[in-house]
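Peer 1: upload35.cif is reproduced below (mmCIF, C-alpha atoms).
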```
data_upload
#
loop_
_atom_site.label_atom_id
_atom_site.label_comp_id
_atom_site.auth_asym_id
_atom_site.auth_seq_id
_atom_site.Cartn_x
_atom_site.Cartn_y
_atom_site.Cartn_z
CA SER T 1 48.14 -25.59 -60.02
CA ARG T 2 44.81 -26.67 -61.36
CA ARG T 3 43.88 -25.10 -64.66
CA ASP T 4 41.15 -22.56 -64.14
CA ARG T 5 38.34 -23.72 -66.40
CA ARG T 6 36.01 -20.94 -65.47
CA MET T 7 35.48 -18.18 -67.96
CA ALA T 8 35.26 -14.67 -66.67
CA THR T 9 31.90 -13.06 -67.19
CA TYR T 10 30.95 -9.42 -67.16
CA GLN T 11 31.55 -7.81 -63.81
CA LEU T 12 28.87 -5.47 -64.98
CA TYR T 13 26.43 -6.29 -62.24
CA ARG T 14 28.69 -5.73 -59.29
CA ASN T 15 27.65 -2.11 -59.25
CA THR T 16 24.00 -2.91 -58.62
CA THR T 17 22.19 -2.80 -55.29
CA VAL T 18 22.49 -6.55 -54.83
CA GLY T 19 26.09 -6.59 -55.99
CA GLN T 20 27.04 -3.74 -53.71
CA ALA T 21 25.32 -5.33 -50.77
CA LEU T 22 27.20 -8.56 -51.37
CA GLN T 23 30.50 -6.75 -51.78
CA GLN T 24 29.92 -4.88 -48.52
CA THR T 25 29.13 -8.04 -46.61
CA LEU T 26 32.22 -9.77 -47.95
CA ASN T 27 34.37 -6.80 -47.06
CA ASP T 28 32.98 -6.88 -43.52
CA PHE T 29 33.77 -10.59 -43.24
CA GLN T 30 37.27 -10.00 -44.55
CA ALA T 31 37.82 -7.24 -42.02
CA GLU T 32 36.85 -9.61 -39.23
CA ASP T 33 39.08 -12.32 -40.71
CA ILE T 34 36.18 -14.71 -41.12
CA ILE T 35 36.99 -15.41 -44.73
CA SER T 36 40.08 -14.94 -46.85
CA ARG T 37 40.46 -12.50 -49.71
CA ALA T 38 40.64 -15.32 -52.23
CA LEU T 39 37.34 -16.71 -51.01
CA ALA T 40 35.69 -13.32 -51.25
CA GLU T 41 36.91 -13.01 -54.80
CA ARG T 42 35.58 -16.47 -55.57
CA VAL T 43 32.17 -15.51 -54.16
CA MET T 44 32.06 -12.41 -56.33
CA ALA T 45 32.97 -14.43 -59.41
CA THR T 46 30.16 -16.88 -58.65
CA PHE T 47 27.82 -13.94 -58.23
CA ASP T 48 28.84 -12.61 -61.65
CA LYS T 49 28.21 -15.92 -63.30
CA VAL T 50 24.88 -16.54 -61.62
CA ILE T 51 23.44 -13.09 -62.12
CA ASN T 52 24.44 -13.08 -65.80
CA LYS T 53 22.84 -16.47 -66.32
CA THR T 54 19.70 -15.61 -64.40
CA LEU T 55 19.14 -12.31 -66.15
CA ASN T 56 19.62 -13.98 -69.49
CA THR T 57 17.27 -16.85 -68.84
CA LYS T 58 14.88 -16.13 -65.98
CA ALA T 59 14.13 -12.43 -66.35
CA LYS T 60 11.25 -12.16 -68.82
CA ASN T 61 9.85 -8.67 -68.40
CA LYS T 62 10.46 -6.21 -71.15
CA MET T 63 10.89 -2.48 -71.06
CA ASN T 64 9.90 -0.29 -73.96
CA PHE T 65 11.15 3.18 -74.51
CA LYS T 66 11.05 5.83 -77.13
CA ALA T 67 13.50 8.65 -77.62
CA GLU T 68 13.41 11.76 -79.73
CA LYS T 69 16.97 11.61 -80.95
CA LEU T 70 19.88 9.25 -81.04
CA ARG T 71 22.79 11.54 -80.42
CA ALA T 72 25.53 8.99 -80.84
CA TYR T 73 26.15 5.30 -81.08
CA ARG T 74 29.22 3.14 -80.87
CA PHE T 75 30.00 -0.49 -81.29
CA CYS T 76 33.42 -1.65 -80.23
CA ASP T 77 34.66 -4.78 -78.46
CA ASN T 78 31.16 -6.19 -78.73
CA VAL T 79 29.78 -3.42 -76.56
CA TRP T 80 27.09 -1.09 -77.77
CA THR T 81 26.94 2.42 -76.37
CA PHE T 82 23.99 4.68 -77.13
CA VAL T 83 23.43 8.26 -76.13
CA MET T 84 19.85 9.37 -76.53
CA GLU T 85 17.89 12.50 -75.85
CA LYS T 86 14.36 12.96 -74.49
CA VAL T 87 13.76 9.35 -73.58
CA GLU T 88 10.32 8.27 -72.47
CA PHE T 89 9.72 4.88 -70.93
CA ARG T 90 6.52 3.09 -71.84
CA GLU T 91 5.57 2.43 -68.24
CA ALA T 92 6.03 6.14 -67.57
CA ILE T 93 7.22 5.51 -64.04
CA THR T 94 9.77 8.24 -64.35
CA ALA T 95 9.64 11.56 -66.10
CA PRO T 96 11.16 11.72 -69.58
CA LYS T 97 14.91 11.76 -69.40
CA GLU T 98 16.81 14.56 -71.02
CA ARG T 99 19.83 12.45 -71.77
CA LEU T 100 20.27 8.74 -71.43
CA LYS T 101 23.36 6.68 -72.00
CA ILE T 102 23.02 2.97 -72.48
CA VAL T 103 25.94 0.61 -72.41
CA ALA T 104 24.95 -2.83 -73.59
CA CYS T 105 27.15 -5.87 -73.37
CA ASP T 106 26.71 -9.03 -75.32
CA GLY T 107 24.58 -11.46 -73.35
CA SER T 108 25.58 -14.62 -75.16
CA ASN T 109 29.13 -15.62 -74.36
CA LYS T 110 31.47 -13.21 -72.87
CA THR T 111 35.01 -12.83 -71.61
CA ILE T 112 35.08 -9.08 -71.51
CA VAL T 113 34.77 -6.92 -68.46
CA ALA T 114 32.63 -3.88 -69.05
CA THR T 115 31.29 -0.84 -67.29
CA THR T 116 27.73 -0.45 -66.21
CA ALA T 117 24.98 1.69 -67.64
CA VAL T 118 24.76 5.17 -66.19
CA ASN T 119 22.10 7.77 -66.23
CA ALA T 120 23.94 10.81 -67.44
CA VAL H 1 26.31 30.50 -140.36
CA ARG H 2 27.89 32.46 -137.66
CA MET H 3 28.99 30.54 -134.72
CA ASP H 4 30.65 33.22 -132.79
CA SER H 5 27.63 35.35 -132.38
CA PRO H 6 27.22 36.91 -129.00
CA SER H 7 25.54 34.16 -127.19
CA SER H 8 23.90 36.44 -124.75
CA VAL H 9 21.12 37.12 -127.15
CA PHE H 10 18.66 34.48 -128.03
CA GLY H 11 17.04 34.46 -131.38
CA VAL H 12 13.58 34.94 -130.07
CA GLY H 13 12.50 37.83 -132.15
CA LEU H 14 11.11 35.63 -134.81
CA ASP H 15 8.29 37.44 -136.31
CA GLY H 16 6.99 34.68 -138.45
CA ASP H 17 9.14 35.72 -141.33
CA SER H 18 9.10 33.03 -143.93
CA SER H 19 12.82 33.09 -144.35
CA MET H 20 13.10 32.45 -140.71
CA LEU H 21 10.78 29.56 -140.84
CA ASN H 22 13.23 27.43 -142.66
CA PHE H 23 15.72 27.86 -139.98
CA GLU H 24 13.40 27.92 -137.08
CA PHE H 25 14.85 24.74 -135.95
CA GLY H 26 18.15 26.12 -135.07
CA ASP H 27 17.29 29.64 -134.37
CA SER H 28 15.98 29.63 -130.95
CA SER H 29 17.92 27.90 -128.36
CA LEU H 30 15.30 28.93 -125.97
CA LEU H 31 14.79 26.06 -123.72
CA ASP H 32 11.57 26.05 -121.97
CA GLY H 33 12.00 23.98 -118.94
CA VAL H 34 8.30 23.57 -118.58
CA SER H 35 7.39 23.60 -122.20
CA SER H 36 4.31 21.79 -123.26
CA SER H 37 3.92 19.47 -126.14
CA SER H 38 2.18 22.26 -127.97
CA LEU H 39 5.55 23.76 -128.62
CA LEU H 40 6.72 20.55 -130.16
CA SER H 41 3.71 20.36 -132.41
CA SER H 42 4.24 23.93 -133.46
CA LEU H 43 7.74 22.94 -134.36
CA SER H 44 6.61 20.07 -136.49
CA SER H 45 3.82 21.96 -138.13
CA GLY H 46 5.90 25.03 -138.72
CA GLY H 47 8.57 23.09 -140.43
CA ALA H 48 6.39 22.15 -143.35
CA ASP H 49 8.46 23.89 -145.94
CA SER H 50 11.70 23.34 -144.20
CA PRO H 51 14.10 21.06 -145.95
CA MET H 52 14.58 19.44 -142.63
CA GLY H 53 10.93 18.64 -142.43
CA PRO H 54 11.13 14.88 -142.35
CA GLY H 55 14.20 14.97 -140.28
CA LEU H 56 12.41 17.17 -137.86
CA GLU H 57 10.39 14.40 -136.38
CA GLN H 58 13.40 12.49 -135.26
CA GLN H 59 14.99 15.27 -133.46
CA SER H 60 12.04 17.43 -132.89
CA PRO H 61 12.64 18.29 -129.30
CA SER H 62 16.18 19.30 -129.99
CA SER H 63 15.40 22.89 -129.65
CA VAL H 64 12.31 24.16 -128.12
CA GLN H 65 11.19 26.90 -130.36
CA SER H 66 9.75 30.01 -128.97
CA PRO H 67 6.09 30.21 -129.70
CA SER H 68 6.70 33.13 -131.97
CA VAL H 69 6.97 30.74 -134.80
CA SER H 70 3.36 29.80 -134.54
CA GLY H 71 2.46 33.39 -134.92
CA ARG H 72 2.71 34.86 -131.49
CA SER H 73 4.11 38.31 -131.34
CA THR H 74 5.89 38.38 -128.04
CA PRO H 75 8.49 35.78 -127.31
CA ARG H 76 7.94 33.89 -124.15
CA ILE H 77 11.06 33.45 -122.16
CA ARG H 78 11.27 31.15 -119.27
CA ASN H 79 14.02 30.39 -116.87
CA ILE H 80 16.76 28.57 -118.52
CA ASN H 81 17.33 25.26 -116.89
CA PRO H 82 21.04 24.69 -117.10
CA ARG H 83 20.44 21.00 -117.27
CA SER H 84 18.23 21.15 -120.28
CA MET H 85 20.57 23.56 -121.92
CA LYS H 86 23.14 20.91 -122.14
CA ASN H 87 20.80 18.79 -124.12
CA SER H 88 20.22 21.35 -126.74
CA GLY H 89 21.46 20.13 -130.04
CA VAL H 90 20.45 23.43 -131.43
CA VAL H 91 23.23 24.20 -133.80
CA TYR H 92 23.11 20.88 -135.44
CA GLY H 93 20.36 21.08 -137.97
CA SER H 94 20.93 24.58 -139.15
CA GLY H 95 24.62 24.15 -139.54
CA LEU H 96 24.34 21.25 -141.86
CA LEU H 97 22.16 23.13 -144.27
CA GLY H 98 24.49 26.05 -144.47
CA LEU H 99 21.78 28.39 -143.48
CA THR H 100 22.15 32.01 -144.06
CA SER H 101 20.07 32.91 -141.10
CA THR H 102 21.48 35.23 -138.60
CA SER H 103 20.18 33.00 -135.92
CA ILE H 104 21.70 33.99 -132.71
CA ARG H 105 22.22 30.69 -131.12
CA PRO H 106 24.65 29.39 -128.58
CA SER H 107 27.63 27.82 -130.23
CA ASN H 108 29.28 26.93 -127.04
CA LEU H 109 26.96 25.64 -124.37
CA GLU H 110 29.58 26.08 -121.69
CA VAL H 111 29.23 29.82 -121.89
CA PRO H 112 26.64 31.04 -119.43
CA MET H 113 23.83 32.70 -121.21
CA THR H 114 21.31 35.20 -120.11
CA PRO H 115 17.82 35.30 -121.50
CA PHE H 116 16.77 38.29 -123.47
CA HIS H 117 14.36 40.23 -121.37
CA GLU H 118 10.76 40.32 -122.32
CA SER H 119 10.58 43.91 -121.22
CA ASP H 120 12.59 44.99 -124.23
CA SER H 121 10.28 45.51 -127.12
CA THR H 122 10.41 43.02 -129.86
CA GLY H 123 10.95 45.83 -132.28
CA LYS H 124 14.23 46.59 -130.63
CA PHE H 125 15.22 43.03 -130.95
CA THR H 126 14.50 42.69 -134.61
CA LYS H 127 16.57 45.73 -135.21
CA TYR H 128 19.47 44.02 -133.57
CA GLU H 129 18.90 40.98 -135.66
CA LYS H 130 18.77 42.95 -138.84
CA ARG H 131 22.01 44.60 -137.89
CA GLU H 132 23.54 41.24 -137.31
CA GLN H 133 22.34 40.14 -140.67
CA SER H 134 24.22 42.79 -142.52
CA VAL H 135 27.34 42.93 -140.44
CA LEU H 136 28.36 39.36 -140.03
CA PRO H 137 29.58 37.13 -142.79
CA GLN H 138 27.69 34.05 -143.78
CA SER H 139 29.50 30.83 -143.94
CA ALA H 140 28.20 27.51 -145.03
CA ILE H 141 30.66 25.65 -142.95
CA PRO H 142 29.91 25.68 -139.27
CA SER H 143 32.97 26.40 -137.27
CA HIS H 144 31.72 24.25 -134.50
CA LEU H 145 29.92 21.01 -135.05
CA PRO H 146 27.94 19.75 -132.16
CA PRO H 147 28.04 16.05 -131.39
CA LEU H 148 26.23 14.04 -133.97
CA SER H 149 24.14 12.10 -131.54
CA ALA H 150 20.93 14.04 -131.55
CA THR H 151 20.25 15.07 -128.02
CA LEU H 152 16.75 15.75 -126.99
CA THR H 153 15.40 18.57 -125.00
CA LEU H 154 12.98 16.63 -122.98
CA ASP H 155 9.75 17.84 -121.61
CA ILE H 156 10.20 15.46 -118.75
CA ASP H 157 12.70 15.66 -115.97
CA MET H 158 16.19 14.39 -116.33
CA PRO H 159 17.22 11.65 -113.93
CA THR H 160 17.83 12.59 -110.32
CA LEU H 161 20.89 11.25 -108.59
CA GLN H 162 20.12 8.83 -105.81
CA ASN H 163 23.47 7.48 -104.69
CA ILE H 164 27.13 8.11 -105.26
CA VAL H 165 29.95 5.84 -104.20
CA SER H 166 33.43 7.26 -103.98
CA THR H 167 36.80 6.26 -102.62
CA VAL H 168 39.66 8.19 -101.15
CA ASN H 169 43.07 7.32 -99.80
CA LEU H 170 43.88 8.91 -96.48
CA GLY H 171 47.51 7.98 -96.96
CA VAL H 172 48.29 6.59 -93.52
CA LYS H 173 47.75 3.33 -91.66
CA LEU H 174 44.91 3.58 -89.17
CA ASP H 175 44.20 2.00 -85.82
CA LEU H 176 40.55 1.07 -86.27
CA LYS H 177 39.91 0.31 -82.63
CA LYS H 178 41.13 3.74 -81.63
CA ILE H 179 38.89 5.31 -84.24
CA ALA H 180 35.88 3.30 -83.11
CA LEU H 181 36.47 4.26 -79.50
CA HIS H 182 37.01 7.96 -80.07
CA ALA H 183 34.67 8.78 -82.94
CA ARG H 184 30.96 9.09 -82.57
CA ASN H 185 28.54 7.06 -84.65
CA ALA H 186 31.03 4.36 -85.44
CA GLU H 187 30.72 0.60 -85.53
CA PHE H 188 33.58 -1.82 -85.50
CA ASN H 189 33.06 -5.53 -85.41
CA PRO H 190 36.33 -7.10 -86.59
CA LYS H 191 34.85 -10.58 -86.42
CA ARG H 192 32.31 -9.68 -89.07
CA PHE H 193 33.93 -6.96 -91.15
CA ALA H 194 37.41 -5.54 -91.00
CA ALA H 195 36.45 -1.88 -91.27
CA VAL H 196 34.93 0.88 -89.20
CA VAL H 197 31.48 1.91 -90.40
CA MET H 198 30.96 5.58 -89.67
CA ARG H 199 28.05 7.87 -90.46
CA ILE H 200 27.52 11.60 -90.58
CA ARG H 201 24.28 13.49 -90.75
CA GLU H 202 25.11 16.22 -93.23
CA PRO H 203 25.44 15.13 -96.02
CA ARG H 204 23.76 11.94 -94.96
CA THR H 205 26.47 9.44 -95.80
CA THR H 206 28.19 6.33 -94.57
CA ALA H 207 31.90 5.62 -94.75
CA LEU H 208 33.84 2.40 -94.55
CA ILE H 209 37.26 3.09 -93.16
CA PHE H 210 39.93 0.45 -93.52
CA SER H 211 43.14 -0.03 -91.61
CA SER H 212 45.16 0.59 -94.78
CA GLY H 213 43.93 4.16 -94.74
CA LYS H 214 41.56 3.75 -97.64
CA MET H 215 37.98 4.84 -97.29
CA VAL H 216 34.74 4.28 -99.19
CA CYS H 217 32.04 6.93 -98.97
CA THR H 218 28.45 6.10 -99.94
CA GLY H 219 25.02 7.64 -99.84
CA ALA H 220 25.63 11.13 -101.17
CA LYS H 221 23.18 12.63 -103.65
CA SER H 222 25.64 14.75 -105.61
CA GLU H 223 29.28 14.69 -106.67
CA GLU H 224 30.07 17.72 -104.54
CA GLY H 225 28.22 16.18 -101.63
CA SER H 226 30.25 13.01 -101.90
CA ARG H 227 33.49 14.93 -101.91
CA LEU H 228 32.39 17.09 -99.01
CA ALA H 229 31.32 14.08 -96.99
CA ALA H 230 34.63 12.31 -97.65
CA ARG H 231 36.42 15.40 -96.45
CA LYS H 232 34.34 15.49 -93.31
CA PHE H 233 35.17 11.87 -92.54
CA ALA H 234 38.83 12.58 -93.14
CA ARG H 235 38.57 15.49 -90.75
CA ILE H 236 37.08 13.27 -88.06
CA VAL H 237 39.94 10.81 -88.42
CA GLN H 238 42.39 13.69 -88.43
CA LYS H 239 41.01 14.89 -85.11
CA ILE H 240 41.88 11.54 -83.57
CA ASP H 241 45.55 12.41 -84.17
CA PHE H 242 46.26 10.62 -87.40
CA PRO H 243 48.36 12.42 -90.05
CA VAL H 244 45.69 12.22 -92.69
CA THR H 245 45.98 13.41 -96.29
CA PHE H 246 43.13 13.60 -98.80
CA THR H 247 44.43 11.90 -101.92
CA GLU H 248 43.07 10.06 -104.96
CA PHE H 249 39.45 11.01 -104.45
CA LYS H 250 37.47 9.28 -107.16
CA ILE H 251 33.81 8.76 -107.78
CA GLN H 252 33.38 5.10 -108.54
CA ASN H 253 29.67 4.80 -109.22
CA MET H 254 26.63 6.98 -109.63
CA VAL H 255 23.01 5.91 -109.56
CA GLY H 256 20.17 7.94 -110.98
CA SER H 257 16.47 7.33 -111.33
CA SER H 258 13.74 8.86 -113.42
CA ASP H 259 10.23 8.36 -114.66
CA VAL H 260 9.15 8.46 -118.28
CA ARG H 261 5.54 8.61 -117.10
CA PHE H 262 4.10 6.02 -119.41
CA PRO H 263 3.99 2.23 -119.20
CA ILE H 264 6.49 0.29 -121.28
CA GLN H 265 6.27 -2.98 -123.19
CA LEU H 266 9.36 -4.68 -121.85
CA GLU H 267 8.84 -7.77 -123.98
CA GLY H 268 8.90 -5.75 -127.17
CA LEU H 269 12.01 -3.90 -126.12
CA CYS H 270 13.71 -7.15 -125.22
CA VAL H 271 12.96 -8.64 -128.62
CA THR H 272 14.18 -5.69 -130.65
CA HIS H 273 17.34 -5.09 -128.61
CA PRO H 274 18.40 -8.62 -127.75
CA GLN H 275 22.10 -7.85 -127.59
CA PHE H 276 21.56 -5.25 -124.92
CA SER H 277 18.55 -6.47 -122.99
CA THR H 278 18.10 -9.09 -120.34
CA TYR H 279 14.51 -9.67 -119.32
CA GLU H 280 13.56 -12.55 -117.02
CA PRO H 281 10.27 -11.57 -115.41
CA GLU H 282 10.40 -14.61 -113.16
CA LEU H 283 13.77 -13.55 -111.84
CA PHE H 284 13.43 -9.82 -111.76
CA PRO H 285 10.54 -7.65 -112.85
CA GLY H 286 12.73 -5.11 -114.60
CA LEU H 287 14.50 -5.24 -117.92
CA ILE H 288 18.26 -4.89 -117.63
CA TYR H 289 19.55 -2.82 -120.52
CA ARG H 290 23.33 -2.68 -120.85
CA MET H 291 24.07 0.37 -122.93
CA VAL H 292 27.36 0.37 -124.79
CA LYS H 293 28.01 4.05 -125.01
CA PRO H 294 27.92 5.41 -122.41
CA ARG H 295 28.72 2.22 -120.58
CA VAL H 296 25.91 2.14 -118.09
CA VAL H 297 23.22 -0.25 -117.05
CA LEU H 298 19.58 0.75 -117.05
CA LEU H 299 16.83 -1.02 -115.18
CA ILE H 300 13.62 -0.41 -117.00
CA PHE H 301 10.30 -1.22 -115.41
CA VAL H 302 6.82 -1.65 -116.73
CA SER H 303 5.62 1.35 -114.76
CA GLY H 304 7.93 3.60 -116.69
CA LYS H 305 10.46 4.06 -113.95
CA VAL H 306 14.05 3.86 -115.05
CA VAL H 307 17.13 3.36 -112.88
CA ILE H 308 20.51 4.16 -114.38
CA THR H 309 23.67 2.93 -112.73
CA GLY H 310 27.32 2.35 -113.44
CA ALA H 311 28.06 5.91 -114.48
CA LYS H 312 31.18 7.77 -113.50
CA CYS H 313 29.67 11.23 -114.00
CA LYS H 314 26.29 12.88 -114.25
CA LYS H 315 26.80 13.54 -117.92
CA GLU H 316 26.79 9.80 -118.59
CA ILE H 317 23.51 9.38 -116.75
CA ASP H 318 21.87 12.19 -118.65
CA GLU H 319 23.30 10.95 -121.92
CA ALA H 320 22.04 7.43 -121.27
CA PHE H 321 18.60 8.72 -120.44
CA THR H 322 18.35 10.87 -123.54
CA LYS H 323 19.41 7.92 -125.63
CA ILE H 324 16.95 5.48 -124.10
CA TYR H 325 14.00 7.82 -124.05
CA PRO H 326 13.12 7.68 -127.75
CA ILE H 327 13.51 3.92 -127.67
CA LEU H 328 11.14 3.70 -124.75
CA ARG H 329 8.68 5.99 -126.47
CA GLY H 330 8.57 3.49 -129.26
CA PHE H 331 7.51 0.84 -126.78
CA LYS H 332 4.90 2.80 -124.97
CA LYS H 333 1.95 0.64 -124.01
#
```
Give the structure from the file, written as structure tokens.
Peer 2:
Amino acid sequence: SRRDRRMATYQLYRNTTVGQALQQTLNDFQAEDIISRALAERVMATFDKVINKTLNTKAKNKMNFKAEKLRAYRFCDNVWTFVMEKVEFREAITAPKERLKIVACDGSNKTIVATTAVNA
Amino acid sequence: VRMDSPSSVFGVGLDGDSSMLNFEFGDSSLLDGVSSSSLLSSLSSGGADSPMGPGLEQQSPSSVQSPSVSGRSTPRIRNINPRSMKNSGVVYGSGLLGLTSTSIRPSNLEVPMTPFHESDSTGKFTKYEKREQSVLPQSAIPSHLPPLSATLTLDIDMPTLQNIVSTVNLGVKLDLKKIALHARNAEFNPKRFAAVVMRIREPRTTALIFSSGKMVCTGAKSEEGSRLAARKFARIVQKIDFPVTFTEFKIQNMVGSSDVRFPIQLEGLCVTHPQFSTYEPELFPGLIYRMVKPRVVLLIFVSGKVVITGAKCKKEIDEAFTKIYPILRGFKK
């Protein structure tokens, strides 16, 4: 078979609104036998690649935040995990968060699959 | 000279007796942690008829005399700073002269000493002294000779420890990835450095943990703190189910800093101590003084700040500072 030249990117963004919507649609198509499972998987992989690339290059807005305390940090497998307390975002759209966990994956060149950021 | 006098009593009841004056130098081991230079001048002036007069200048701060020498009636006793106690070369001068003074002075600085309370009347004290005079035998040969290097009781603060680096062997091979995943406040980037970097808040320290089981602990401000921190790190690793043992703990380096509080002529110092000094103002603004004994390196700056590093124990840092201080005084701007 043809050698797969594509590199796997983070499947981090599948659990976003857009990613979930896409996944749902593909599942619906699969249920109605419109597309095969392999094709659905291929679509998701393309989604991963495109969203990673777009967020790295096209998304320019920044978000500032300040927290009272950094409870814990970790760096392993090129993934940073931070747990902070009393986090305030500069835009102050939301109320200050009591506890915030950030999982940050390397945006440069990746082969690792990682979990998404959660609001603990 | 009696060396085994009860060291709990300080010879402070000096009532200006002329016989005492000769031995004032060694009599009072009263170390005034906050003593002013007036005490030193009283020392020098009072020692006019002392055979140690000329020698007095060199080691003048060796014992801070109670002000009673200059004629005050009540001895002034301050809190004894254990640190400055160590620097007292009190016994030295008196011993050499084979003084017949009773002088109650500490022969062994390791023995904890309590200050004689001011509340007790001086009369009571002198009585004790007089008793001592008659009872105890006089000997010209001191039974205990303090180290010959004249140590100074300094009016200024001794160096404060800034950093201590220590190593310990945990005795078992470690899976660094497991440690990085389970422990908090850990970084592990095998591409850059083959060790887990872990930090704890109390004492504020950082540890480098290697897969061989060896660990380096840095950032502590005291020897005890370094050992405690290393133990805490070992405990963290132990909690991740590794059969850890705490062996071969050793302090590898200690860094201290202090301030002599006067500007220094580095050029002059460099010229007179060429074999020890390195001074390249274009390279580094401080003079690098490599002391031979104790084997430490001092960074001396024009402002008067001194950094001492390379020591294996606090004693070496203090010793280095007391040795460099008179030299620096000579190069005061």
Peer 1: Could you tell me how far atom CA of Arg37 of chain T lies from atom CA of Thr25 of chain T, in Å and to one decimal?
Peer 2: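 Going from atom CA of Arg37 of chain T over to atom CA of Thr25 of chain T covers 12.6 Å.
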Peer 1: Would you kindly report the residues of chain H within 12 Å of chain T, using only C-alpha atoms, as a list in words?
Peer 2: Leu176, Lys177, Lys178, Ile179, Ala180, Leu181, His182, Ala183, Arg184, Asn185, Ala186, Glu187, Phe188, Asn189, Pro190, Lys191, Arg192, Ala195, Val196, Val197, Met198, Arg199, Ile200 and Arg201 of chain H
Peer 1: Restricting the calculation to all atoms listed in the file: of H:Val292, H:Ala194, H:Ser166, H:Leu208, which residue gets closest to Glu248 of chain H?
Peer 2: H:Ser166
Peer 1: Atom CA of Thr309 of chain H and atom CA of Leu170 of chain H, how far apart in Å?
Peer 2: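 Distance reported for this atom pair: 26.6 Å.
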Peer 1: Find the distance between atom CA of Arg295 of chain H and atom CA of Gly310 of chain H and write it in Å to one decimal.
Peer 2: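 Between these atoms lies a distance of 7.3 Å.
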